[in-house]
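The block underneath contains the structure these notes are about, expressed in structure tokens.
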Amino acid sequence: MFEHMQTEPNCYGNLLNGEWVASSSKETIDIHSPVDGSKLGRIQAMTQAEADRAIAATKESLPGWSALPVYERAELFYKAAQLLEESAQEIADILVMEVAKEKKSALSEIIRSADLLRYTADIGKSLEGQAISGENFPGGTRRKISYVERVPLGTVLAISPFNYPVNLSISKIAPALIGGNAVILKPATQGAVSALHMVEVLNRAGLPKGILNTVTGRGSQIGDYVVTHKGIDFINFTGSTEIGRHISQISCMTPLLLELGGKDAAIVLEDADLNFAADTIVDGAYSYSGQRCTAVKRILATPAVADRLVPKLQKRVEGLSVGDPRDGKTITPLIDGKAADFAQSLIDDALRQGARLVTGNRREGNLLYPTLLDGVTPDMKIAWVEPFAPVLPVLRVRDIDDAIALANQSEYGLQSSVFTDDVNKAFYIANRLEVGTVQINNKTERGPDHFPFLGVKASGMGTQGVKYSILAMTRPKAITLNLREE
Ligand code: NAP
Ligand code: G3H
């Protein structure tokens with residue numbers, strides 16, 4: 001099913017007008033596995049002229065696609081969902097090697113994406129226009145009627161990160177397409193092989209030629225060009241705050257949806273079930289080696305709570321399996337050596353400044369053992385910086401208000417967790433936290449994918465989630481009917 005994506009052995013083309021094509025530059029990028037360094041294949045380093053062509057092709061396909069009745073667009077999504085499920089094992093095996101994600105999580109990423117396709121089709125069909133009578137506003141009459149429907153924005157540029165190459169691409173592509181837009185996908189370079197396979201599934205489902213094209217190449221080389229391209233009508237970006245900020249600075253007047261970094265806090269109160277909290281926090285902080293925007297990235301607790309919680313966390317962290325994702329391990333090599341060096345520098349800084357190492361701080365190449373630090377103080381970098389690695393700091397706070405203040409002092413505002421059996425305290429805290437979502441008695445997490453998902457402050461702008469994403473990538477179009485007086 002996927003062989004024809006290769007323009008020469010083990011070299012993946014870009015989808016352009018329904019065909020997989022090589023770059024005329026003859027320049028390719030080697031993709032190596034973070035698991036064992038093996039070469040997984042090559043992708044194209046596209047030229048600016050080729051990006052122009054890919055964007056121009058979307059413009060030619062747009063009128064036909066956006067004119068198609070939404071139920072016909074939806075039919076393609078149902079077919080694509082089924083094809084994606086049929087290819088789940090094959091794509092999951094690629095994910096395992098390309099981004100070092102263990103097989104169960106890789107499969108769940110793909111199944112979640114198939115579910116998202118079906119749900120997006122359902123929501124797309126259920127969106128209705130509106131007729132508004134003029135009579136409700138002072139001086140208005142019933143003879144003035146506004147007919148309002150949602151129309152596409154045009155060509156959406158979807159830029160996805162390495163950690164969910166399939167799901168964080170499809171969660172942009174599907175709502176954009178059901179809304180009648182065309183899409184240019186620029187996947188993360190590490191993750192592109194998996195993402196391109198998912199694109200071929202959509203292509204096979206029968207998307208019209210040119211309505212979804214891909215652009216590969218290093219973000220540092222081709223990124224600014226596509227972001228500032230006059231043919232791009234909306235940018236839907238997930239990735240680091242650094243690149244998100246950069247995009248927002250250069251993308252003049254192009255509407256944006258940005259999902260960026262986080263420093264999600266878990267606030268644990270005295271009355272919480274500490275065994276449950278420890279299980280949930282360890283899952284939230286260490287799954288996929290902490291390489292999730294929504295990973296629990298700090299614990300805030302009073303000394304009385306921390307003294308009881310930390311030994312429970314330690315036991316669970318020391319029980320995590322470490323090693324090769326092909327063997328189903330939880331803690332797997334980080335995406336590259338640079339990421340491991342960065343996380344190590346945060347651990348070293350904390351230890352130098354007097355944090356207590358509870359467990360971990362062991363390293364084999366880019367494999368970092370799960371690390372738990374207690375007694376972390378606000379002057380240590382790990383208190384504020386996102387490690388994107390299996391490193392969890394515990395900060396001891398005076399009381400609930402101190403925890404809220406420390407949580408809000410972060411530049412980030414993605415999510416927070418509160419563990420307590422007291423609903424009044426839970427709401428007291430939740431109402432004061434400056435984040436997109438507060439999870440009461442749960443880890444911080446994005447799903448289910450129809451919930452709103454958003455970050456405030458340096459964690460992003462705009463809202464994702466199936467219906468929210470469709471609304472973000474369409475706009476109201478009003479046609480006002482003025483009836484003659486009888
Ligand atoms: P990243 O380095 O910011 O890269 C994200 C994407 O941006 C990649 O496709 C990258 O391409 C591209 N890019 C780089 N420079 C660009 C430029 N100048 N113009 C346009 N695109 C450019 O992030 P990452 O390392 O892949 O992912 C980890 C980060 O993403 C973490 O900070 C994490 O918190 C965040 N994240 C946030 C969410 C959320 O929903 N809030 C979800 C997942 C991840 P190349 O790969 O070719 O450089
Ligand atoms: O990395 C960021 C993802 O949006 C997190 O998704 O909470 O489902 O792991 P998740």
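Residues are named by chain letter and number: chains run A, B, ... in the order of the structure tokens, numbers start at 1 in each chain, and ligands are numbered from 1 in the order shown.
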request  = Please identify every polymer residue within 7 Å of ligand 1, using only C-alpha atoms and all ligand atoms, and present the set as a PyMOL selection string.
outcome  = chain A and resi 159-164+186-190+217-220+223-224+227+238-244+246-247+259-262+292-293+388+414+455+459-460
message = Which residues are close to A:Phe2, i.e. within 10 Å by only C-alpha atoms, leaving aside same-chain residues fewer than 6 positions away? Reply as a VMD selection string.
response = chain A and resid 12 87 90 196 to 198 200 to 201 204
Just-selected residues, all heavy atoms written as a PDB file, in the first residue's frame:
```
ATOM      1  N   TYR A  12      11.299   8.891   0.677  1.00  0.00           N
ATOM      2  CA  TYR A  12       9.894   9.260   0.572  1.00  0.00           C
ATOM      3  C   TYR A  12       9.718  10.589  -0.144  1.00  0.00           C
ATOM      4  O   TYR A  12      10.425  11.557   0.135  1.00  0.00           O
ATOM      5  CB  TYR A  12       9.261   9.324   1.970  1.00  0.00           C
ATOM      6  CG  TYR A  12       9.281   7.964   2.624  1.00  0.00           C
ATOM      7  CD1 TYR A  12      10.340   7.580   3.432  1.00  0.00           C
ATOM      8  CD2 TYR A  12       8.265   7.046   2.365  1.00  0.00           C
ATOM      9  CE1 TYR A  12      10.383   6.313   3.994  1.00  0.00           C
ATOM     10  CE2 TYR A  12       8.300   5.777   2.917  1.00  0.00           C
ATOM     11  CZ  TYR A  12       9.366   5.410   3.732  1.00  0.00           C
ATOM     12  OH  TYR A  12       9.396   4.159   4.261  1.00  0.00           O
ATOM     13  N   SER A  87      -4.232  -0.091   8.560  1.00  0.00           N
ATOM     14  CA  SER A  87      -2.768   0.096   8.457  1.00  0.00           C
ATOM     15  C   SER A  87      -2.134   0.343   9.819  1.00  0.00           C
ATOM     16  O   SER A  87      -0.946   0.687   9.888  1.00  0.00           O
ATOM     17  CB  SER A  87      -2.457   1.320   7.591  1.00  0.00           C
ATOM     18  OG  SER A  87      -3.139   1.265   6.396  1.00  0.00           O
ATOM     19  N   GLU A  90       1.194  -1.433  10.772  1.00  0.00           N
ATOM     20  CA  GLU A  90       2.334  -1.031   9.934  1.00  0.00           C
ATOM     21  C   GLU A  90       2.833   0.365  10.326  1.00  0.00           C
ATOM     22  O   GLU A  90       4.033   0.600  10.493  1.00  0.00           O
ATOM     23  CB  GLU A  90       1.897  -1.036   8.465  1.00  0.00           C
ATOM     24  CG  GLU A  90       3.047  -1.144   7.506  1.00  0.00           C
ATOM     25  CD  GLU A  90       2.573  -1.326   6.059  1.00  0.00           C
ATOM     26  OE1 GLU A  90       1.429  -1.754   5.845  1.00  0.00           O
ATOM     27  OE2 GLU A  90       3.367  -1.023   5.169  1.00  0.00           O
ATOM     28  N   LEU A 196       3.810  11.029   6.847  1.00  0.00           N
ATOM     29  CA  LEU A 196       3.562  10.871   5.405  1.00  0.00           C
ATOM     30  C   LEU A 196       2.764   9.600   5.128  1.00  0.00           C
ATOM     31  O   LEU A 196       1.927   9.562   4.219  1.00  0.00           O
ATOM     32  CB  LEU A 196       4.897  10.860   4.638  1.00  0.00           C
ATOM     33  CG  LEU A 196       5.673  12.192   4.641  1.00  0.00           C
ATOM     34  CD1 LEU A 196       7.019  12.045   3.937  1.00  0.00           C
ATOM     35  CD2 LEU A 196       4.868  13.326   3.994  1.00  0.00           C
ATOM     36  N   HIS A 197       3.015   8.556   5.911  1.00  0.00           N
ATOM     37  CA  HIS A 197       2.214   7.336   5.743  1.00  0.00           C
ATOM     38  C   HIS A 197       0.734   7.611   6.037  1.00  0.00           C
ATOM     39  O   HIS A 197      -0.149   7.135   5.328  1.00  0.00           O
ATOM     40  CB  HIS A 197       2.739   6.214   6.649  1.00  0.00           C
ATOM     41  CG  HIS A 197       3.921   5.495   6.060  1.00  0.00           C
ATOM     42  ND1 HIS A 197       5.173   6.056   6.010  1.00  0.00           N
ATOM     43  CD2 HIS A 197       4.018   4.283   5.466  1.00  0.00           C
ATOM     44  CE1 HIS A 197       6.003   5.213   5.424  1.00  0.00           C
ATOM     45  NE2 HIS A 197       5.321   4.118   5.078  1.00  0.00           N
ATOM     46  N   MET A 198       0.478   8.390   7.086  1.00  0.00           N
ATOM     47  CA  MET A 198      -0.919   8.734   7.402  1.00  0.00           C
ATOM     48  C   MET A 198      -1.540   9.541   6.257  1.00  0.00           C
ATOM     49  O   MET A 198      -2.695   9.333   5.876  1.00  0.00           O
ATOM     50  CB  MET A 198      -0.928   9.535   8.716  1.00  0.00           C
ATOM     51  CG  MET A 198      -2.257  10.070   9.145  1.00  0.00           C
ATOM     52  SD  MET A 198      -2.634  11.624   8.357  1.00  0.00           S
ATOM     53  CE  MET A 198      -1.359  12.666   9.023  1.00  0.00           C
ATOM     54  N   GLU A 200      -0.822   9.315   3.132  1.00  0.00           N
ATOM     55  CA  GLU A 200      -1.138   8.407   2.027  1.00  0.00           C
ATOM     56  C   GLU A 200      -2.464   7.679   2.289  1.00  0.00           C
ATOM     57  O   GLU A 200      -3.221   7.399   1.352  1.00  0.00           O
ATOM     58  CB  GLU A 200       0.015   7.418   1.797  1.00  0.00           C
ATOM     59  CG  GLU A 200      -0.274   6.270   0.843  1.00  0.00           C
ATOM     60  CD  GLU A 200      -0.789   6.694  -0.551  1.00  0.00           C
ATOM     61  OE1 GLU A 200      -0.731   7.875  -0.899  1.00  0.00           O
ATOM     62  OE2 GLU A 200      -1.297   5.802  -1.276  1.00  0.00           O
ATOM     63  N   VAL A 201      -2.750   7.409   3.554  1.00  0.00           N
ATOM     64  CA  VAL A 201      -4.040   6.782   3.877  1.00  0.00           C
ATOM     65  C   VAL A 201      -5.176   7.719   3.462  1.00  0.00           C
ATOM     66  O   VAL A 201      -6.152   7.296   2.828  1.00  0.00           O
ATOM     67  CB  VAL A 201      -4.125   6.447   5.389  1.00  0.00           C
ATOM     68  CG1 VAL A 201      -5.534   6.055   5.777  1.00  0.00           C
ATOM     69  CG2 VAL A 201      -3.141   5.344   5.738  1.00  0.00           C
ATOM     70  N   ARG A 204      -5.439   7.776  -0.287  1.00  0.00           N
ATOM     71  CA  ARG A 204      -6.058   6.539  -0.789  1.00  0.00           C
ATOM     72  C   ARG A 204      -7.563   6.518  -0.578  1.00  0.00           C
ATOM     73  O   ARG A 204      -8.298   5.891  -1.336  1.00  0.00           O
ATOM     74  CB  ARG A 204      -5.453   5.363  -0.030  1.00  0.00           C
ATOM     75  CG  ARG A 204      -4.700   4.414  -0.887  1.00  0.00           C
ATOM     76  CD  ARG A 204      -4.252   3.290  -0.005  1.00  0.00           C
ATOM     77  NE  ARG A 204      -4.963   2.086  -0.386  1.00  0.00           N
ATOM     78  CZ  ARG A 204      -4.486   1.190  -1.208  1.00  0.00           C
ATOM     79  NH1 ARG A 204      -3.309   1.366  -1.762  1.00  0.00           N
ATOM     80  NH2 ARG A 204      -5.163   0.107  -1.496  1.00  0.00           N
TER      81      ARG A 204
END
```
query = Hey, can you check how far atom CA of A:Val215 sits from atom CA of A:Cys11?
reply = 14.5 Å
Spatial neighbours of stretch 171-180 of chain A, max dist 7 Å, only C-alpha atoms, sep filter under 4 positions, as a VMD selection string = chain A and resid 65 to 66 70 73 to 74 117 120 to 121 124 152 156 158 167 236 466 469 to 470 473 to 474
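Counting from atom CA of A:Thr47, the distance to atom CA of A:Val166 is 24.0 Å.
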Pull the helix (DSSP H, G or I) assignments for stretch 206-238 of chain A out of DSSP run on the backbone, and list those residues as a PDB file with C-alpha atoms, in the first residue's frame.
```
ATOM      1  CA  GLY A 219      11.774  23.972   9.728  1.00  0.00           C
ATOM      2  CA  SER A 220      14.834  26.183  10.117  1.00  0.00           C
ATOM      3  CA  GLN A 221      15.250  26.221   6.307  1.00  0.00           C
ATOM      4  CA  ILE A 222      11.787  26.089   4.726  1.00  0.00           C
ATOM      5  CA  GLY A 223       9.672  27.099   7.769  1.00  0.00           C
ATOM      6  CA  ASP A 224       9.828  30.888   7.532  1.00  0.00           C
ATOM      7  CA  TYR A 225       9.152  30.740   3.811  1.00  0.00           C
ATOM      8  CA  VAL A 226       5.905  28.787   4.096  1.00  0.00           C
ATOM      9  CA  VAL A 227       4.754  30.621   7.230  1.00  0.00           C
TER      10      VAL A 227
END
```
task = Can you list, as a list in words, all residues belonging to stretch 47-208 of chain A that DSSP tags as strand (DSSP E or B)?
result =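 Of stretch 47-208 of chain A, the ones in strand (DSSP E or B) are Gln130, Ala131, Ile132, Ser133, Lys144, Ile145, Ser146, Tyr147, Val148, Glu149, Arg150, Val151, Pro152, Thr155, Val156, Leu157, Ala158, Ile159, Ala182, Val183, Ile184, Leu185 and Lys186 of chain A.
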Go ahead and save the residues from that selection, with N, CA, C and O atoms, as an mmCIF file, in the first residue's frame.
```
data_model
loop_
_atom_site.group_PDB
_atom_site.id
_atom_site.type_symbol
_atom_site.label_atom_id
_atom_site.label_comp_id
_atom_site.auth_asym_id
_atom_site.auth_seq_id
_atom_site.Cartn_x
_atom_site.Cartn_y
_atom_site.Cartn_z
ATOM 1 N N GLN A 130 -27.458 29.640 10.331
ATOM 2 C CA GLN A 130 -28.353 30.347 11.247
ATOM 3 C C GLN A 130 -29.078 31.446 10.476
ATOM 4 O O GLN A 130 -28.497 32.024 9.552
ATOM 5 N N ALA A 131 -30.340 31.677 10.843
ATOM 6 C CA ALA A 131 -31.034 32.846 10.288
ATOM 7 C C ALA A 131 -31.379 33.748 11.459
ATOM 8 O O ALA A 131 -31.964 33.299 12.451
ATOM 9 N N ILE A 132 -30.985 35.024 11.389
ATOM 10 C CA ILE A 132 -31.205 35.943 12.509
ATOM 11 C C ILE A 132 -32.172 37.039 12.054
ATOM 12 O O ILE A 132 -31.933 37.693 11.021
ATOM 13 N N SER A 133 -33.221 37.213 12.849
ATOM 14 C CA SER A 133 -34.194 38.257 12.500
ATOM 15 C C SER A 133 -33.700 39.617 12.990
ATOM 16 O O SER A 133 -33.121 39.728 14.080
ATOM 17 N N LYS A 144 -35.798 42.360 7.849
ATOM 18 C CA LYS A 144 -34.331 42.227 7.648
ATOM 19 C C LYS A 144 -33.907 40.894 8.274
ATOM 20 O O LYS A 144 -34.108 40.671 9.471
ATOM 21 N N ILE A 145 -33.351 40.013 7.460
ATOM 22 C CA ILE A 145 -32.967 38.684 7.958
ATOM 23 C C ILE A 145 -31.526 38.409 7.544
ATOM 24 O O ILE A 145 -31.174 38.537 6.363
ATOM 25 N N SER A 146 -30.719 38.015 8.525
ATOM 26 C CA SER A 146 -29.340 37.670 8.183
ATOM 27 C C SER A 146 -29.232 36.148 8.071
ATOM 28 O O SER A 146 -29.551 35.423 9.013
ATOM 29 N N TYR A 147 -28.785 35.678 6.915
ATOM 30 C CA TYR A 147 -28.554 34.246 6.702
ATOM 31 C C TYR A 147 -27.059 34.033 6.910
ATOM 32 O O TYR A 147 -26.228 34.592 6.187
ATOM 33 N N VAL A 148 -26.717 33.253 7.954
ATOM 34 C CA VAL A 148 -25.301 33.115 8.322
ATOM 35 C C VAL A 148 -24.864 31.657 8.134
ATOM 36 O O VAL A 148 -25.498 30.739 8.663
ATOM 37 N N GLU A 149 -23.805 31.452 7.399
ATOM 38 C CA GLU A 149 -23.239 30.097 7.296
ATOM 39 C C GLU A 149 -21.733 30.188 7.506
ATOM 40 O O GLU A 149 -21.159 31.273 7.474
ATOM 41 N N ARG A 150 -21.108 29.026 7.769
ATOM 42 C CA ARG A 150 -19.659 29.040 7.961
ATOM 43 C C ARG A 150 -18.982 28.660 6.657
ATOM 44 O O ARG A 150 -19.379 27.695 5.993
ATOM 45 N N VAL A 151 -17.960 29.405 6.308
ATOM 46 C CA VAL A 151 -17.246 29.141 5.057
ATOM 47 C C VAL A 151 -15.758 28.923 5.374
ATOM 48 O O VAL A 151 -15.248 29.392 6.401
ATOM 49 N N PRO A 152 -15.073 28.197 4.493
ATOM 50 C CA PRO A 152 -13.646 27.922 4.756
ATOM 51 C C PRO A 152 -12.788 29.181 4.644
ATOM 52 O O PRO A 152 -13.202 30.179 4.050
ATOM 53 N N THR A 155 -6.392 28.098 2.371
ATOM 54 C CA THR A 155 -5.332 27.092 2.545
ATOM 55 C C THR A 155 -4.782 27.171 3.969
ATOM 56 O O THR A 155 -4.271 28.212 4.391
ATOM 57 N N VAL A 156 -4.907 26.052 4.676
ATOM 58 C CA VAL A 156 -4.411 25.983 6.056
ATOM 59 C C VAL A 156 -3.021 25.356 6.045
ATOM 60 O O VAL A 156 -2.819 24.303 5.426
ATOM 61 N N LEU A 157 -2.090 26.006 6.713
ATOM 62 C CA LEU A 157 -0.757 25.420 6.905
ATOM 63 C C LEU A 157 -0.762 24.714 8.253
ATOM 64 O O LEU A 157 -0.925 25.358 9.297
ATOM 65 N N ALA A 158 -0.610 23.391 8.230
ATOM 66 C CA ALA A 158 -0.581 22.605 9.475
ATOM 67 C C ALA A 158 0.866 22.228 9.758
ATOM 68 O O ALA A 158 1.519 21.599 8.919
ATOM 69 N N ILE A 159 1.361 22.627 10.927
ATOM 70 C CA ILE A 159 2.746 22.289 11.297
ATOM 71 C C ILE A 159 2.678 21.452 12.578
ATOM 72 O O ILE A 159 2.136 21.903 13.594
ATOM 73 N N ALA A 182 -8.342 23.681 2.100
ATOM 74 C CA ALA A 182 -7.258 22.825 1.612
ATOM 75 C C ALA A 182 -6.146 22.884 2.658
ATOM 76 O O ALA A 182 -6.120 23.801 3.489
ATOM 77 N N VAL A 183 -5.236 21.901 2.632
ATOM 78 C CA VAL A 183 -4.198 21.845 3.671
ATOM 79 C C VAL A 183 -2.818 21.595 3.072
ATOM 80 O O VAL A 183 -2.655 20.779 2.170
ATOM 81 N N ILE A 184 -1.852 22.324 3.620
ATOM 82 C CA ILE A 184 -0.430 22.011 3.411
ATOM 83 C C ILE A 184 0.072 21.483 4.742
ATOM 84 O O ILE A 184 -0.008 22.176 5.762
ATOM 85 N N LEU A 185 0.566 20.246 4.759
ATOM 86 C CA LEU A 185 1.137 19.705 6.004
ATOM 87 C C LEU A 185 2.649 19.811 5.958
ATOM 88 O O LEU A 185 3.292 19.315 5.040
ATOM 89 N N LYS A 186 3.204 20.467 6.986
ATOM 90 C CA LYS A 186 4.663 20.475 7.191
ATOM 91 C C LYS A 186 4.883 19.675 8.490
ATOM 92 O O LYS A 186 4.700 20.189 9.595
#
```
Top pick for closest residue to ligand 2, considering A:Ala51, A:Ala295, A:Ile479, A:Val99 and counting only C-alpha atoms and all ligand atoms = A:Ala295
Please tabulate, as JSON lines, the residues of stretch 82-164 of chain A that come within 12 Å of stretch 264-287 of chain A, each with its closest pair of atoms and the distance in Å to one decimal, counting only C-alpha atoms and ordering rows by chain, then residue number upward.
```
{"residue": "A:Ala100", "atom": "CA", "partner": "A:Ser287", "partner_atom": "CA", "distance": 11.9}
{"residue": "A:Lys101", "atom": "CA", "partner": "A:Ser287", "partner_atom": "CA", "distance": 9.6}
{"residue": "A:Glu102", "atom": "CA", "partner": "A:Ser287", "partner_atom": "CA", "distance": 9.8}
{"residue": "A:Lys104", "atom": "CA", "partner": "A:Ser287", "partner_atom": "CA", "distance": 11.6}
{"residue": "A:Ser105", "atom": "CA", "partner": "A:Ser287", "partner_atom": "CA", "distance": 9.2}
{"residue": "A:Asn163", "atom": "CA", "partner": "A:Ser287", "partner_atom": "CA", "distance": 11.8}
```
task = Select, from A:Leu471, A:Met380, A:Ile110, A:Leu406, the residue with the minimum atom-to-atom distance to ligand 2, counting only C-alpha atoms and all ligand atoms.
result =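 Ranking A:Leu471, A:Met380, A:Ile110, A:Leu406 by distance to ligand 2, first place goes to A:Ile110.
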inquiry  = Nearest residue to ligand 2 out of A:Arg112, A:Arg53, A:Arg352, A:Arg432, using only C-alpha atoms and all ligand atoms?
reply    = A:Arg112
key: Test item: residues at most 8 Å from stretch 315-326 of chain A, only C-alpha atoms, excluding those fewer than 4 positions along its chain, as a VMD selection string   = chain A and resid 35 96 to 97 100 to 103 278 to 279 282 311 330 to 333 359 367 369 to 372
For the selection you just gave me, I'd like the residues written to a file as a PDB file, in the first residue's frame, keeping N, CA and C atoms.
```pdb
ATOM      1  N   VAL A  35      16.130   5.052  18.596  1.00  0.00           N
ATOM      2  CA  VAL A  35      16.204   3.806  19.371  1.00  0.00           C
ATOM      3  C   VAL A  35      17.582   3.169  19.229  1.00  0.00           C
ATOM      4  N   VAL A  96       7.235   3.474  16.315  1.00  0.00           N
ATOM      5  CA  VAL A  96       8.103   2.916  17.371  1.00  0.00           C
ATOM      6  C   VAL A  96       9.558   3.271  17.092  1.00  0.00           C
ATOM      7  N   MET A  97       9.979   3.093  15.847  1.00  0.00           N
ATOM      8  CA  MET A  97      11.381   3.334  15.529  1.00  0.00           C
ATOM      9  C   MET A  97      11.686   4.809  15.277  1.00  0.00           C
ATOM     10  N   ALA A 100      10.582   6.602  18.920  1.00  0.00           N
ATOM     11  CA  ALA A 100      10.843   5.816  20.138  1.00  0.00           C
ATOM     12  C   ALA A 100       9.632   5.764  21.066  1.00  0.00           C
ATOM     13  N   LYS A 101       8.491   5.489  20.477  1.00  0.00           N
ATOM     14  CA  LYS A 101       7.266   5.371  21.287  1.00  0.00           C
ATOM     15  C   LYS A 101       6.915   3.897  21.374  1.00  0.00           C
ATOM     16  N   GLU A 102       6.625   3.400  22.563  1.00  0.00           N
ATOM     17  CA  GLU A 102       6.356   1.951  22.644  1.00  0.00           C
ATOM     18  C   GLU A 102       5.080   1.602  21.890  1.00  0.00           C
ATOM     19  N   LYS A 103       4.998   0.342  21.446  1.00  0.00           N
ATOM     20  CA  LYS A 103       4.000  -0.063  20.443  1.00  0.00           C
ATOM     21  C   LYS A 103       2.556   0.202  20.887  1.00  0.00           C
ATOM     22  N   ALA A 278      -0.391   9.259  43.525  1.00  0.00           N
ATOM     23  CA  ALA A 278       0.950   8.822  43.104  1.00  0.00           C
ATOM     24  C   ALA A 278       0.869   8.021  41.803  1.00  0.00           C
ATOM     25  N   ASP A 279      -0.099   7.103  41.708  1.00  0.00           N
ATOM     26  CA  ASP A 279      -0.257   6.318  40.463  1.00  0.00           C
ATOM     27  C   ASP A 279      -0.488   7.251  39.279  1.00  0.00           C
ATOM     28  N   VAL A 282       2.543   9.628  38.365  1.00  0.00           N
ATOM     29  CA  VAL A 282       3.662   8.923  37.711  1.00  0.00           C
ATOM     30  C   VAL A 282       3.304   8.614  36.257  1.00  0.00           C
ATOM     31  N   PRO A 311       7.773   9.155  49.051  1.00  0.00           N
ATOM     32  CA  PRO A 311       8.127   7.718  49.057  1.00  0.00           C
ATOM     33  C   PRO A 311       7.221   6.876  48.153  1.00  0.00           C
ATOM     34  N   THR A 330       8.380   1.666  29.141  1.00  0.00           N
ATOM     35  CA  THR A 330       7.735   2.976  29.310  1.00  0.00           C
ATOM     36  C   THR A 330       8.733   4.099  29.077  1.00  0.00           C
ATOM     37  N   ILE A 331       9.900   3.958  29.694  1.00  0.00           N
ATOM     38  CA  ILE A 331      10.929   4.992  29.543  1.00  0.00           C
ATOM     39  C   ILE A 331      11.845   4.561  28.402  1.00  0.00           C
ATOM     40  N   THR A 332      11.821   5.332  27.334  1.00  0.00           N
ATOM     41  CA  THR A 332      12.553   4.957  26.124  1.00  0.00           C
ATOM     42  C   THR A 332      13.532   6.088  25.779  1.00  0.00           C
ATOM     43  N   PRO A 333      14.441   5.876  24.844  1.00  0.00           N
ATOM     44  CA  PRO A 333      15.391   6.946  24.526  1.00  0.00           C
ATOM     45  C   PRO A 333      14.666   8.227  24.116  1.00  0.00           C
ATOM     46  N   THR A 359      15.480   9.627  43.127  1.00  0.00           N
ATOM     47  CA  THR A 359      15.854   8.465  42.307  1.00  0.00           C
ATOM     48  C   THR A 359      16.170   8.932  40.890  1.00  0.00           C
ATOM     49  N   LEU A 367      19.121   7.826  26.444  1.00  0.00           N
ATOM     50  CA  LEU A 367      18.176   7.194  27.377  1.00  0.00           C
ATOM     51  C   LEU A 367      18.436   7.765  28.769  1.00  0.00           C
ATOM     52  N   TYR A 369      17.190   7.810  32.657  1.00  0.00           N
ATOM     53  CA  TYR A 369      16.353   7.057  33.600  1.00  0.00           C
ATOM     54  C   TYR A 369      15.393   8.013  34.304  1.00  0.00           C
ATOM     55  N   PRO A 370      14.210   7.502  34.689  1.00  0.00           N
ATOM     56  CA  PRO A 370      13.222   8.400  35.305  1.00  0.00           C
ATOM     57  C   PRO A 370      13.780   8.991  36.593  1.00  0.00           C
ATOM     58  N   THR A 371      13.663  10.306  36.674  1.00  0.00           N
ATOM     59  CA  THR A 371      14.324  11.039  37.754  1.00  0.00           C
ATOM     60  C   THR A 371      13.296  11.815  38.563  1.00  0.00           C
ATOM     61  N   LEU A 372      13.420  11.710  39.886  1.00  0.00           N
ATOM     62  CA  LEU A 372      12.526  12.439  40.788  1.00  0.00           C
ATOM     63  C   LEU A 372      13.388  13.298  41.704  1.00  0.00           C
TER      64      LEU A 372
END
```
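One finds atom CA of A:Gly154 at 27.2 Å from atom CA of A:Gln82.
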Test item: residues at most 8 Å from A:Pro255, only C-alpha atoms, excluding those fewer than 4 positions along its chain, as a CSV table (one decimal) with N, CA and C atoms, in the first residue's frame:
```csv
chain,number,residue,atom,x,y,z
A,233,ASP,N,-3.6,31.0,4.3
A,233,ASP,CA,-4.7,31.7,4.9
A,233,ASP,C,-4.9,31.5,6.4
A,234,PHE,N,-4.3,30.4,7.0
A,234,PHE,CA,-4.4,30.1,8.4
A,234,PHE,C,-3.2,29.2,8.8
A,235,ILE,N,-2.6,29.5,9.9
A,235,ILE,CA,-1.5,28.6,10.4
A,235,ILE,C,-2.0,27.9,11.7
```
Residue nearest A:Glu386 - candidates A:Ala306, A:Ile347, A:Ala403, A:Ile31, atoms counted: only C-alpha atoms =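 Of all the options, A:Ile347 lies closest to A:Glu386.
Distance check against A:Ile91 using only C-alpha atoms: of A:Asn442, A:Ser194, A:Thr463, A:Ser108, the minimum falls on A:Ser194.
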